[in-house]
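Coordinates from coords.txt are shown below (compact mmCIF, C-alpha atoms).
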# COMPACT_ATOMS: atom_id res chain seq x y z
CA MET A 1 0.00 0.00 0.00
CA GLY A 2 1.34 3.41 -0.96
CA LYS A 3 1.00 6.57 1.04
CA GLU A 4 -2.13 8.61 0.50
CA LYS A 5 -1.55 11.68 -1.66
CA HIS A 6 -2.02 15.02 0.05
CA TYR A 7 -2.57 18.46 -1.40
CA TRP A 8 -1.11 21.80 -0.39
CA LEU A 9 -1.00 25.46 -1.31
CA LEU A 10 2.37 27.25 -1.43
CA LYS A 11 2.28 31.04 -1.37
CA THR A 12 4.86 33.32 -2.87
CA GLU A 13 5.02 36.96 -3.82
CA PRO A 14 5.60 37.11 -7.58
CA GLY A 15 8.34 39.74 -7.08
CA GLU A 16 10.28 37.26 -4.93
CA TRP A 17 9.62 33.96 -6.75
CA SER A 18 7.04 33.75 -9.52
CA TRP A 19 5.58 30.95 -11.58
CA GLU A 20 7.76 32.22 -14.43
CA ASP A 21 10.86 31.89 -12.18
CA GLN A 22 9.82 28.36 -11.25
CA ALA A 23 9.27 27.32 -14.87
CA ALA A 24 12.50 28.99 -16.06
CA ASN A 25 14.47 27.05 -13.46
CA GLU A 26 13.86 23.80 -15.38
CA GLY A 27 10.78 23.56 -13.18
CA LEU A 28 12.79 22.54 -10.09
CA SER A 29 13.40 24.56 -6.93
CA ASN A 30 13.72 24.23 -3.21
CA TRP A 31 10.87 25.77 -1.25
CA ASP A 32 12.66 27.43 1.63
CA GLY A 33 12.66 30.57 3.75
CA VAL A 34 9.56 29.50 5.69
CA LYS A 35 9.84 30.90 9.22
CA ASN A 36 6.34 30.36 10.66
CA LYS A 37 6.25 27.21 12.81
CA GLN A 38 2.82 26.07 11.53
CA ALA A 39 3.95 26.54 7.91
CA GLN A 40 7.16 24.60 8.66
CA LYS A 41 5.09 21.81 10.24
CA ASN A 42 3.06 21.66 7.02
CA LEU A 43 6.23 21.50 4.91
CA LYS A 44 7.54 18.67 7.10
CA ALA A 45 4.28 16.76 6.54
CA MET A 46 4.71 16.72 2.75
CA HIS A 47 5.52 13.45 0.99
CA LEU A 48 6.95 12.59 -2.40
CA GLY A 49 4.34 13.02 -5.08
CA ASP A 50 2.09 15.36 -3.09
CA LEU A 51 0.68 18.11 -5.29
CA CYS A 52 0.76 21.80 -4.41
CA PHE A 53 -1.03 24.79 -5.80
CA PHE A 54 1.47 27.52 -6.68
CA TYR A 55 -0.21 30.65 -5.35
CA HIS A 56 0.80 34.22 -6.11
CA SER A 57 0.18 36.47 -3.10
CA GLY A 58 0.69 40.18 -2.69
CA ALA A 59 -1.30 43.31 -3.37
CA LYS A 60 -1.71 42.85 -7.13
CA ALA A 61 -2.11 39.12 -7.56
CA ARG A 62 -3.81 36.70 -5.19
CA ARG A 63 -4.46 33.61 -7.24
CA VAL A 64 -3.58 30.00 -7.98
CA VAL A 65 -1.41 30.04 -11.10
CA GLY A 66 0.07 26.54 -11.32
CA VAL A 67 0.75 23.15 -9.78
CA VAL A 68 4.02 21.70 -8.50
CA SER A 69 4.84 18.26 -7.14
CA VAL A 70 7.01 17.41 -4.12
CA VAL A 71 10.15 15.66 -5.40
CA ARG A 72 12.19 15.76 -2.17
CA GLU A 73 10.77 15.71 1.32
CA TRP A 74 11.81 18.08 4.14
CA TYR A 75 15.55 18.44 4.72
CA GLU A 76 17.56 20.75 6.97
CA GLU A 77 19.43 23.59 5.35
CA GLY A 78 22.46 25.59 6.35
CA ASP A 79 23.65 25.69 9.96
CA GLY A 80 20.87 23.53 11.41
CA GLY A 81 19.14 26.58 12.88
CA GLY A 82 15.70 25.20 12.11
CA GLY A 83 15.70 26.24 8.48
CA GLY A 84 14.70 23.63 5.96
CA ALA A 85 13.08 23.06 2.63
CA VAL A 86 11.28 20.69 0.32
CA ASP A 87 12.07 20.45 -3.38
CA VAL A 88 9.25 20.93 -5.86
CA ARG A 89 8.99 20.52 -9.63
CA CYS A 90 6.54 22.13 -12.05
CA VAL A 91 3.67 19.95 -13.14
CA GLY A 92 1.80 22.57 -15.11
CA GLU A 93 0.31 26.02 -15.31
CA MET A 94 -3.38 26.46 -14.52
CA ARG A 95 -5.37 26.75 -17.72
CA ARG A 96 -6.99 29.78 -16.11
CA ALA A 97 -5.65 31.37 -12.91
CA VAL A 98 -8.13 31.13 -10.03
CA ASP A 99 -8.42 34.39 -8.10
CA LEU A 100 -8.82 34.54 -4.31
CA GLY A 101 -12.02 36.59 -4.60
CA GLU A 102 -13.50 33.99 -6.92
CA MET A 103 -12.61 31.20 -4.47
CA LYS A 104 -14.17 33.07 -1.55
CA LYS A 105 -17.48 33.29 -3.44
CA GLU A 106 -17.57 29.53 -4.05
CA SER A 107 -19.82 27.83 -1.49
CA GLY A 108 -17.94 24.52 -1.80
CA LEU A 109 -14.78 26.16 -0.48
CA LYS A 110 -16.16 27.53 2.80
CA GLY A 111 -13.76 26.93 5.67
CA PHE A 112 -10.69 26.47 3.42
CA GLY A 113 -7.55 27.15 5.49
CA LEU A 114 -6.44 29.86 3.06
CA PHE A 115 -9.41 31.94 4.22
CA ARG A 116 -9.03 31.13 7.94
CA GLN A 117 -5.26 31.75 8.12
CA PRO A 118 -4.58 34.18 5.26
CA ARG A 119 -0.98 34.90 6.30
CA LEU A 120 0.09 31.23 6.47
CA SER A 121 2.46 30.49 3.57
CA VAL A 122 1.96 26.70 3.43
CA VAL A 123 -1.64 25.55 3.70
CA PRO A 124 -3.12 22.03 3.55
CA VAL A 125 -5.80 21.65 0.88
CA PRO A 126 -8.60 19.09 1.39
CA GLU A 127 -9.09 16.84 -1.64
CA GLU A 128 -12.60 18.20 -2.35
CA VAL A 129 -11.22 21.77 -2.32
CA TRP A 130 -8.36 20.71 -4.63
CA LYS A 131 -10.81 19.22 -7.11
CA ARG A 132 -13.11 22.26 -7.04
CA VAL A 133 -10.28 24.78 -7.54
CA CYS A 134 -8.98 22.66 -10.43
CA GLU A 135 -12.47 22.68 -11.96
CA MET A 136 -12.70 26.45 -11.53
CA GLY A 137 -9.40 26.89 -13.39
CA GLY A 138 -10.17 24.37 -16.11
CA GLY A 139 -7.45 22.09 -14.76
CA TYR A 140 -3.74 22.49 -15.32
CA GLU A 141 -1.27 21.49 -18.01
CA GLY A 142 -0.14 17.96 -17.30
CA ASP A 143 -3.34 16.81 -15.57
CA GLY A 144 -4.38 14.54 -18.41
CA GLY A 145 -7.18 16.94 -19.35
CA GLU A 146 -8.20 18.26 -22.73
CA SER A 147 -4.79 19.66 -23.67
CA GLY A 148 -3.42 16.14 -24.15
CA ASP A 149 -0.63 16.39 -21.57
CA ALA A 150 -1.39 13.01 -20.02
CA GLU A 151 2.06 11.98 -18.82
CA VAL A 152 1.69 13.68 -15.41
CA GLY A 153 -1.41 13.03 -13.39
CA ASP A 154 -2.23 9.82 -15.28
CA ASP A 155 -2.97 7.45 -12.44
CA GLY A 156 -3.16 4.41 -14.67
CA GLY A 157 -0.52 1.77 -13.95
CA GLY A 158 2.23 1.00 -16.40
Could I get this file's structure written as structure tokens?
Amino acid sequence: MGKEKHYWLLKTEPGEWSWEDQAANEGLSNWDGVKNKQAQKNLKAMHLGDLCFFYHSGAKARRVVGVVSVVREWYEEGDGGGGGAVDVRCVGEMRRAVDLGEMKKESGLKGFGLFRQPRLSVVPVPEEVWKRVCEMGGGYEGDGGESGDAEVGDDGGG
């Protein structure tokens, strides 16, 4: 039996690290610099293959813009002073970015942690919320949807 897949939301200010930066970096980066203890606890709970919404925060852009996958679980960085990271790789850009205001109006998303703890940079996403946000955005490249990018997200065995 494999581990159950979990879903997350990772926030970043586009001026610090944007979806374009992530994609330009061959899609791979370490997600670090998280200081909040609850956010760190969430990072430590991530497992290989978990999917994460890539969320642009900040004054101009509060929206889900893409999806990344965890490719390396939590590891300590630097001098062992509590700093750590997970490595994530691009899966695909949302077919249509999903704005925070749009999500807040959606009755199926009531109680989502993003709304309850808006300053938390790493937020767990219940599976039903994940599915609804994906529907709202028309899915993402690589999800096996209508764009034909079936290699990622295809849960069929090989």
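Within the 8 Å cut-off around segment 6-10 of chain A, using all atoms listed in the file and omitting residues fewer than 4 positions from it on the same chain, the listed residues are A:Met46, A:His47, A:Asp50, A:Leu51, A:Cys52, A:Phe53, A:Phe54, A:Tyr55, A:Ser121, A:Val122, A:Val123, A:Pro124, A:Val125, A:Pro126, A:Glu127, A:Trp130.
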Of the candidates A:Glu102, A:Lys44, A:Gly111, A:Arg95, which shows the shortest atom-to-atom distance to Gly83 of chain A, using only C-alpha atoms?
-> A:Lys44
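Closest approach to Gln117 of chain A from the set A:Glu4, A:Glu13, A:Asn36, A:Ala23 is made by A:Asn36, with distances taken over only C-alpha atoms.
Residue nearest Val64 of chain A, chosen from A:Ala85, A:Gly92, A:Ala97, A:Lys110 and counting only C-alpha atoms: A:Ala97.
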Using all atoms listed in the file, which residues sit within 7 Å of Cys90 of chain A once same-chain residues fewer than 6 positions away are excluded, as an MDAnalysis selection string?
-> chainID A and resid 23 27:28 67:69
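Between Gln40 of chain A and the candidates A:Glu135, A:Lys60, A:Gly145, A:Tyr75, the tightest atom-to-atom separation, counting all atoms listed in the file, involves A:Tyr75.
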Fewer than 3 positions away in the same chain doesn't count, so skip those; otherwise give me all residues within 6 Å of Val70 of chain A, counting all atoms listed in the file, as a list of chain:residue names.
-> A:Leu48, A:Gly49, A:Asp50, A:Asp87, A:Val88
Could you please determine the separation between atom CA of Tyr140 of chain A and atom CA of Glu20 of chain A in Å, to one decimal place?
-> 15.1 Å
Adding 4 Å on each side of the box along x, y and z that holds all listed atoms of segment 105-109 of chain A, could you give its centre and edge lengths in Å to one decimal, as AutoDock Vina command-line options?
--center_x -17.3 --center_y 28.9 --center_z -2.3 --size_x 13.0 --size_y 16.8 --size_z 11.6
Would you mind putting back N, CA and C atoms on segment 43-55 of chain A, then writing it out as a short mmCIF file (atom, residue, chain, number, x, y, z; two decimals), in the frame of the given file?
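This is the output file rebuild_15.cif:
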data_model
loop_
_atom_site.label_atom_id
_atom_site.label_comp_id
_atom_site.auth_asym_id
_atom_site.auth_seq_id
_atom_site.Cartn_x
_atom_site.Cartn_y
_atom_site.Cartn_z
N LEU A 43 5.18 21.93 5.84
CA LEU A 43 6.23 21.50 4.91
C LEU A 43 6.78 20.13 5.31
N LYS A 44 7.00 19.94 6.61
CA LYS A 44 7.54 18.67 7.10
C LYS A 44 6.58 17.51 6.87
N ALA A 45 5.29 17.80 6.74
CA ALA A 45 4.28 16.76 6.54
C ALA A 45 4.15 16.34 5.08
N MET A 46 4.82 17.04 4.18
CA MET A 46 4.71 16.72 2.75
C MET A 46 5.46 15.44 2.42
N HIS A 47 4.92 14.71 1.44
CA HIS A 47 5.52 13.45 0.99
C HIS A 47 5.76 13.51 -0.51
N LEU A 48 6.67 12.67 -0.97
CA LEU A 48 6.95 12.59 -2.40
C LEU A 48 5.66 12.39 -3.18
N GLY A 49 5.51 13.16 -4.23
CA GLY A 49 4.34 13.02 -5.08
C GLY A 49 3.14 13.86 -4.67
N ASP A 50 3.17 14.45 -3.47
CA ASP A 50 2.09 15.36 -3.09
C ASP A 50 2.04 16.51 -4.09
N LEU A 51 0.85 17.00 -4.35
CA LEU A 51 0.68 18.11 -5.29
C LEU A 51 0.39 19.40 -4.53
N CYS A 52 0.90 20.50 -5.06
CA CYS A 52 0.76 21.80 -4.41
C CYS A 52 0.30 22.84 -5.41
N PHE A 53 -0.70 23.62 -5.02
CA PHE A 53 -1.03 24.79 -5.80
C PHE A 53 0.09 25.80 -5.62
N PHE A 54 0.50 26.44 -6.69
CA PHE A 54 1.47 27.52 -6.68
C PHE A 54 0.64 28.79 -6.69
N TYR A 55 0.69 29.54 -5.58
CA TYR A 55 -0.21 30.65 -5.35
C TYR A 55 0.57 31.96 -5.29
#
